[in-house]
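Remarks on the structure that follows.
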Amino acid sequence: MQQREEQLRQEMIRLQQEFDKMTQELQSGLFLKNMLLAMWEVWPFGALPGALVLLFKLFWMATEVDSDESESSSDESSSSSEEEEEAPVNEWDVGRFLMQQMQVPVLHLAKRCKVVEALVGDLLHACHLITLNTPLLRLEQCIGVGSAFEGWSSHWDTVYSLLVPLKPPTGHCFHLELGAGGELPARHGRVRVELECVCLRQQLLGDVRCFLHRPEAELGRNQGPCLLQYLCSHSYLDVEKTACWFQLTAMNAWLLLPASHRCRLTVLRSSRSCKLRLEKVSGRSLSIEILFGVQQGDSRVFLTSQQARAGLPSSTTWLESCAVPEMLFFRFVARQAPQDSCHLTCLNLFARLLEGTGFSTYCLKTVLMHLLTVIPLSRWHRGHLLERVDGILQYLQRCLEDKQLHHFLLGNERVPREVPLPVAFQTASPLNLFQRLAQEPDAHAQALRDFRRLQVRLRSLL
């Protein structure tokens, strides 16, 4: 174990030295030439066109970000006086907040999400370029998840979360091992990495080497770092080693992007994800968190690097997440609901009202998702706002009285077919998110007191 850790440390030092050299070449103008030559060696029939396309894409991204910021700056300047007035106002002045949400949809949030998703996508592309000769992990296209990409996050404290699916390199395969006896969807799991034979492909195409059937000494001389050696612990993909590798790669890949000349990127300390802070010369900043995940079959459920509230037993333990299906559900609703639907306004409002109570935003989001499949979407028109707010409150009250709130995605026949789920989710028994209230009388009593506080706040507002 200590020997593997030492090998990983030495390899990280080597990569950092190579990246430092790359940075010097970039500043001297030699890097682009070397990168094109390397691409030509790897892709003899498509390197030059691919490089030109990449350079054009990076230039377009730079102009796109600039145009977006210039366009959004006018919107922000027009509302800056309102924001300056809003700062000293009592935090429970939600009446004006509600009116702003009704009058101005969260279009700015959606626009910013697109920019963030495109920027992270280009960062991943640059990561791919500088790790071409290292058979470690393949980074797939990022997926925006969480409240921002669901369309209801408050703009003043938004963290843009994106999930990066991981695929094994050629000659390797992933096998998911879900924790026995765990309850969906909070199960833990591990990702076992195994070598697979690619001798036939090598004979036909000659483009890969079979890790399984080549002598270990020859692999060590010719192949460079191996996934099992550097990013795994006891043959299982290690979350912390993966996060460390990606953080180092992302720091150096950032130098390839035009945005690096106008913004400063800071990689924040995180053991299971990559947290980034992007700062412009104007002082404005953007917070981004990149999570890693391994997909379960053809579903959109992943084993992710997300940290569990109660902690996880080891660095090879991954947490099952429904973030992508939930995001897809909100996108489905957005396509089907009236243009001026109030469902996101309701969620944004309750997220603000819940501050200081024992209720989580996920609890209210679950209530809303259930109601969106029960009440016809045509009845979520803005004119029905007060009726829908009252309906959410009544639904939550019944759940508290029954000490039962079912997880939306488990054993629920009302989940749209457009939200792909594993068979185990479709056939599972409903999972009670209020199980703790049923088991602990004190917790139930506290929840009832929090609900009465929520009622008072709504009465004072409406």
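Residues in the structure tokens are named by chain (A, B, ... in the order shown) and by number from 1 within that chain; ligands are numbered from 1 in the order shown.
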From the DSSP assignment of the backbone, select every residue of stretch 279-461 of chain A that is strand (DSSP E), and format the answer as a PyMOL selection string. chain A and resi 279-280+285-295+302-304+318-321
If DSSP is run on the backbone, what residues of stretch 223-461 of chain A are helix (DSSP H, G or I)? A reply as a VMD selection string would be ideal. chain A and resid 227 to 230 239 to 256 258 to 261 323 to 336 343 to 353 361 to 374 377 to 380 382 to 402 423 to 427 435 to 439 441 to 461
I need the residue nearest A:Arg138 from this list: A:Thr242, A:Ser161, A:Ser314, A:Ser429. Use only C-alpha atoms for the distance.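 Distance minimum relative to A:Arg138 lands on A:Thr242.
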How many Å lie between atom CA of A:Ser153 and atom CA of A:Lys403, rounded to one decimal? 27.7 Å
Spatial neighbours of A:Thr158, max dist 12 Å, only C-alpha atoms, sep filter under 3 positions, as a ChimeraX atom specification: /A:109-110,112-113,116,146-155,161,277,285-289
Serialized selection, C-alpha atoms, as a CSV table (one decimal), in the first residue's frame:
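Below is the file out13.csv, written as the result:
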```csv
chain,number,residue,atom,x,y,z
A,109,LEU,CA,-29.7,32.0,-14.3
A,110,ALA,CA,-30.4,29.8,-17.3
A,112,ARG,CA,-25.3,31.7,-16.9
A,113,CYS,CA,-25.8,28.0,-16.6
A,116,VAL,CA,-20.7,27.6,-17.2
A,146,GLY,CA,-28.5,20.7,-8.8
A,147,SER,CA,-30.8,23.7,-8.1
A,148,ALA,CA,-29.1,26.0,-10.6
A,149,PHE,CA,-29.6,23.7,-13.5
A,150,GLU,CA,-33.1,22.8,-12.3
A,151,GLY,CA,-33.9,26.5,-12.7
A,152,TRP,CA,-34.8,27.6,-9.2
A,153,SER,CA,-31.6,28.5,-7.4
A,154,SER,CA,-31.3,31.9,-5.7
A,155,HIS,CA,-28.8,34.0,-7.6
A,161,SER,CA,-22.6,21.8,-9.9
A,277,ARG,CA,-13.7,29.8,-8.0
A,285,SER,CA,-16.7,35.6,-8.9
A,286,LEU,CA,-18.3,32.3,-9.9
A,287,SER,CA,-18.4,29.1,-7.8
A,288,ILE,CA,-18.3,25.8,-9.6
A,289,GLU,CA,-18.2,22.3,-8.2
```
As a PyMOL selection string, please: the residues near A:Leu162 (cut-off 12 Å, only C-alpha atoms, same-chain neighbours under 2 positions excluded). chain A and resi 113-114+116-121+124+140-150+159-160+164-165+273-276+287-293+304-306+323-324+327
So what do you get for atom CA of A:Ser341 versus atom CA of A:Gln426, distance-wise?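 So the answer is 28.4 Å.
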